[in-house]
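Trainee: Pasting query_5.pdb here (PDB, C-alpha atoms):
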ATOM      1  CA  MET A  12      60.724   8.731 -14.984
ATOM      2  CA  GLY A  13      58.087   9.827 -17.464
ATOM      3  CA  LYS A  14      56.691   6.324 -17.656
ATOM      4  CA  SER A  15      56.309   5.949 -13.881
ATOM      5  CA  LYS A  16      54.461   9.284 -13.656
ATOM      6  CA  LYS A  17      51.986   8.074 -16.273
ATOM      7  CA  ILE A  18      51.424   4.826 -14.376
ATOM      8  CA  ILE A  19      50.877   6.686 -11.099
ATOM      9  CA  GLY A  20      48.506   9.085 -12.847
ATOM     10  CA  ALA A  21      46.556   6.204 -14.370
ATOM     11  CA  VAL A  22      46.273   4.483 -10.973
ATOM     12  CA  ILE A  23      45.046   7.716  -9.361
ATOM     13  CA  VAL A  24      42.463   8.283 -12.103
ATOM     14  CA  LEU A  25      41.305   4.660 -11.808
ATOM     15  CA  PHE A  26      40.998   4.979  -8.029
ATOM     16  CA  ILE A  27      39.018   8.224  -8.295
ATOM     17  CA  SER A  28      36.664   6.841 -10.942
ATOM     18  CA  LEU A  29      36.065   3.727  -8.818
ATOM     19  CA  PHE A  30      35.398   5.920  -5.787
ATOM     20  CA  ILE A  31      32.939   8.055  -7.767
ATOM     21  CA  LEU A  32      31.104   4.973  -9.011
ATOM     22  CA  LEU A  33      30.796   3.494  -5.511
ATOM     23  CA  THR A  34      29.665   6.832  -4.073
ATOM     24  CA  LEU A  35      26.937   7.174  -6.673
ATOM     25  CA  LEU A  36      25.736   3.636  -6.021
ATOM     26  CA  ALA A  37      25.646   4.261  -2.274
ATOM     27  CA  ALA A  38      23.924   7.626  -2.667
ATOM     28  CA  SER A  39      21.193   6.146  -4.828
ATOM     29  CA  GLY A  40      20.367   3.673  -2.043
ATOM     30  CA  PHE A  41      20.150   6.428   0.537
ATOM     31  CA  GLY A  42      17.878   8.565  -1.627
ATOM     32  CA  ILE A  43      14.961   6.155  -1.279
ATOM     33  CA  GLU A  44      12.912   7.221   1.705
ATOM     34  CA  THR A  45      10.683   4.640   3.371
ATOM     35  CA  LYS A  46       8.314   4.334   6.285
ATOM     36  CA  THR A  47       7.257   1.430   8.463
ATOM     37  CA  ALA A  48       3.908  -0.241   7.875
ATOM     38  CA  TYR A  49       2.268  -3.553   8.708
ATOM     39  CA  THR A  50       0.617  -5.989   6.308
ATOM     40  CA  ARG A  51      -0.979  -9.402   6.099
ATOM     41  CA  ASP A  52      -1.013  -9.812   2.321
ATOM     42  CA  GLY A  53       1.636  -7.388   1.026
ATOM     43  CA  ILE A  54      -1.018  -5.290  -0.733
ATOM     44  CA  GLN A  55      -2.793  -3.381   2.023
ATOM     45  CA  TYR A  56      -0.770  -1.544   4.674
ATOM     46  CA  ILE A  57      -1.802  -0.330   8.120
ATOM     47  CA  SER A  58      -0.114   1.584  10.928
ATOM     48  CA  LYS A  59       1.125   0.224  14.252
ATOM     49  CA  GLU A  60      -1.800   1.914  16.019
ATOM     50  CA  ARG A  61      -4.253   0.138  13.734
ATOM     51  CA  VAL A  62      -2.559  -3.213  14.389
ATOM     52  CA  ASP A  63      -2.890  -2.604  18.128
ATOM     53  CA  GLU A  64      -6.583  -1.752  17.688
ATOM     54  CA  ASN A  65      -7.223  -4.872  15.615
ATOM     55  CA  ILE A  66      -5.579  -7.029  18.259
ATOM     56  CA  ARG A  67      -7.361  -5.238  21.119
ATOM     57  CA  TYR A  68     -10.801  -5.711  19.536
ATOM     58  CA  GLU A  69      -9.901  -9.290  18.475
ATOM     59  CA  TYR A  70     -10.059  -8.706  14.726
ATOM     60  CA  ALA A  71      -6.543 -10.163  14.484
ATOM     61  CA  LYS A  72      -4.029 -12.195  16.444
ATOM     62  CA  PRO A  73      -0.611 -10.869  17.506
ATOM     63  CA  GLY A  74       1.278 -12.814  14.799
ATOM     64  CA  ASP A  75      -1.002 -11.977  11.860
ATOM     65  CA  TYR A  76       0.859  -8.857  10.647
ATOM     66  CA  ARG A  77       4.451  -8.481   9.549
ATOM     67  CA  GLU A  78       6.450  -5.256   9.618
ATOM     68  CA  VAL A  79       7.596  -3.951   6.210
ATOM     69  CA  GLN A  80       9.270  -0.843   4.802
ATOM     70  CA  VAL A  81       7.240   0.934   2.111
ATOM     71  CA  PRO A  82       7.925   4.094   0.018
ATOM     72  CA  LEU A  83       6.715   7.387   1.476
ATOM     73  CA  ASN A  84       3.942   7.747  -1.119
ATOM     74  CA  THR A  85       2.315   4.428  -0.103
ATOM     75  CA  ILE A  86      -1.099   4.776   1.521
ATOM     76  CA  VAL A  87      -1.014   3.470   5.098
ATOM     77  CA  VAL A  88      -4.324   3.238   6.935
ATOM     78  CA  GLY A  89      -4.017   4.846  10.344
ATOM     79  CA  ALA A  90      -5.838   4.247  13.592
ATOM     80  CA  SER A  91      -9.563   4.795  13.732
ATOM     81  CA  THR A  92     -11.009   7.536  15.848
ATOM     82  CA  ILE A  93     -13.450   6.086  18.331
ATOM     83  CA  PRO A  94     -15.396   8.689  20.300
ATOM     84  CA  GLU A  95     -14.629   8.648  24.016
ATOM     85  CA  ILE A  96     -18.275   8.151  24.966
ATOM     86  CA  TYR A  97     -18.148   4.655  23.470
ATOM     87  CA  MET A  98     -14.906   3.623  25.166
ATOM     88  CA  PRO A  99     -14.919   1.804  28.518
ATOM     89  CA  GLU A 100     -13.317   3.651  31.467
ATOM     90  CA  GLU A 101     -10.208   1.447  31.653
ATOM     91  CA  GLU A 102      -9.415   2.058  27.971
ATOM     92  CA  LYS A 103      -9.697   5.823  28.482
ATOM     93  CA  GLU A 104      -7.055   5.613  31.204
ATOM     94  CA  THR A 105      -4.679   3.553  29.043
ATOM     95  CA  GLU A 106      -5.179   5.931  26.126
ATOM     96  CA  ILE A 107      -4.220   8.903  28.309
ATOM     97  CA  VAL A 108      -1.046   7.107  29.383
ATOM     98  CA  GLU A 109      -0.197   6.142  25.783
ATOM     99  CA  ASN A 110      -0.721   9.706  24.535
ATOM    100  CA  SER A 111       1.612  11.247  27.131
ATOM    101  CA  PRO A 112       4.693  12.958  25.637
ATOM    102  CA  PRO A 113       7.837  10.834  25.262
ATOM    103  CA  LYS A 114      10.487  11.083  27.957
ATOM    104  CA  SER A 115      13.294  11.765  25.496
ATOM    105  CA  ASN A 116      13.129  14.242  22.629
ATOM    106  CA  GLN A 117      16.266  12.861  20.994
ATOM    107  CA  THR A 118      14.432  10.271  18.913
ATOM    108  CA  ALA A 119      11.822  12.777  17.793
ATOM    109  CA  SER A 120      14.443  15.307  16.702
ATOM    110  CA  ALA A 121      16.463  12.655  14.855
ATOM    111  CA  SER A 122      13.476  11.459  12.835
ATOM    112  CA  SER A 123      12.373  15.006  12.023
ATOM    113  CA  SER A 124      15.842  15.951  10.764
ATOM    114  CA  GLU A 125      15.861  12.864   8.501
ATOM    115  CA  ASN A 126      12.562  13.945   6.968
ATOM    116  CA  LYS A 127      13.707  17.548   6.676
ATOM    117  CA  TYR A 128      16.841  16.765   4.617
ATOM    118  CA  PRO A 129      16.155  13.696   2.462
ATOM    119  CA  TYR A 130      18.936  14.384  -0.086
ATOM    120  CA  ALA A 131      21.672  15.389   2.361
ATOM    121  CA  SER A 132      23.694  12.213   1.850
ATOM    122  CA  LEU A 133      23.602  12.655  -1.919
ATOM    123  CA  PHE A 134      24.898  16.230  -1.720
ATOM    124  CA  ILE A 135      27.623  15.284   0.762
ATOM    125  CA  GLY A 136      28.779  12.575  -1.651
ATOM    126  CA  LEU A 137      28.826  15.076  -4.520
ATOM    127  CA  LEU A 138      30.872  17.518  -2.414
ATOM    128  CA  VAL A 139      33.420  14.802  -1.640
ATOM    129  CA  ILE A 140      33.680  13.872  -5.315
ATOM    130  CA  GLY A 141      34.112  17.518  -6.287
ATOM    131  CA  GLY A 142      36.837  17.960  -3.689
ATOM    132  CA  LEU A 143      38.701  14.905  -4.954
ATOM    133  CA  VAL A 144      38.476  16.075  -8.566
ATOM    134  CA  PHE A 145      39.777  19.518  -7.543
ATOM    135  CA  PHE A 146      42.630  17.942  -5.579
ATOM    136  CA  VAL A 147      43.690  15.693  -8.458
ATOM    137  CA  ALA A 148      43.433  18.555 -10.935
ATOM    138  CA  SER A 149      45.610  20.772  -8.748
ATOM    139  CA  VAL A 150      48.204  17.990  -8.333
ATOM    140  CA  PHE A 151      48.413  17.405 -12.091
ATOM    141  CA  SER A 152      48.580  21.112 -12.901
ATOM    142  CA  GLY A 153      51.393  21.550 -10.359
ATOM    143  CA  ARG A 154      53.454  18.810 -11.999
ATOM    144  CA  ASP A 155      53.312  20.530 -15.391
ATOM    145  CA  ARG A 156      54.747  23.796 -13.979
ATOM    146  CA  GLN A 157      57.859  22.195 -12.524
TER     147      GLN A 157
END
What does this structure look like when you write it as structure tokens?

Mentor:
Amino acid sequence: MGKSKKIIGAVIVLFISLFILLTLLAASGFGIETKTAYTRDGIQYISKERVDENIRYEYAKPGDYREVQVPLNTIVVGASTIPEIYMPEEEKETEIVENSPPKSNQTASASSSENKYPYASLFIGLLVIGGLVFFVASVFSGRDRQ
């Protein structure tokens, strides 16, 4: 019986160490925060609003830019601010419609909570690992008392 307990203990320790390794690998992938940008050459990045402006004023064609994910510290050129006195009347009307508030606040609240807690997944993984270590330690300490 002593030999089978050692084998079971070794399997449990192996399983926990494998779980810890996989959790750390997964948590490191979630820790990298990115944002969406658009690029032609992979060096300079612009926002969706700027892409729309470039297409509207015929500086670019609809298929010129590709969507990429870049780190949060990457500089992304935003839309230009054109004074309203220089805009034609029909563009003023479309801008008012585009700037109206979204119909659903669910997407806005979800994206703001992601930005508010960037390391939440890492800490949840660490809590799970700590709980498993505590559980295994309590199981092994209970076997020694009996």

Trainee: Taking the file as shown, what set of residues would the PyMOL selection byres ((chain A and resi 79) around 12) give back, as a PyMOL selection string?

Mentor: chain A and resi 45-59+76-78+80-82+85+87

Trainee: Which residue gives the smallest distance to Ser132 in chain A among A:Leu35, A:Val150, A:Val62, A:Ile19, with all atoms listed in the file counted?

Mentor: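 Smallest separation from Ser132 in chain A among the options: A:Leu35.
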
Trainee: Which residue is closest to Leu33 in chain A? Choose from A:Gly136, A:Gly141, A:Gly74, A:Gly20 and count all atoms listed in the file.

Mentor: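 With all atoms listed in the file as the atom set, the closest residue is A:Gly136.
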
Trainee: Work out how far apart CA of Ala131 in chain A and CA of Val88 in chain A are and give it in Å to one decimal.

Mentor: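 For CA of Ala131 in chain A relative to CA of Val88 in chain A, the distance reads 29.1 Å.
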
Trainee: Any chance you could work out the residue set of the PyMOL selection byres ((chain A and resi 24) around 12) here, as a PyMOL selection string?

Mentor: chain A and resi 17-23+25-31+143-144+146-148+150-151

Trainee: What is the CA of Ser15 in chain A to CA of Gly142 in chain A distance in Å?

Mentor: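 So the answer is 25.0 Å.
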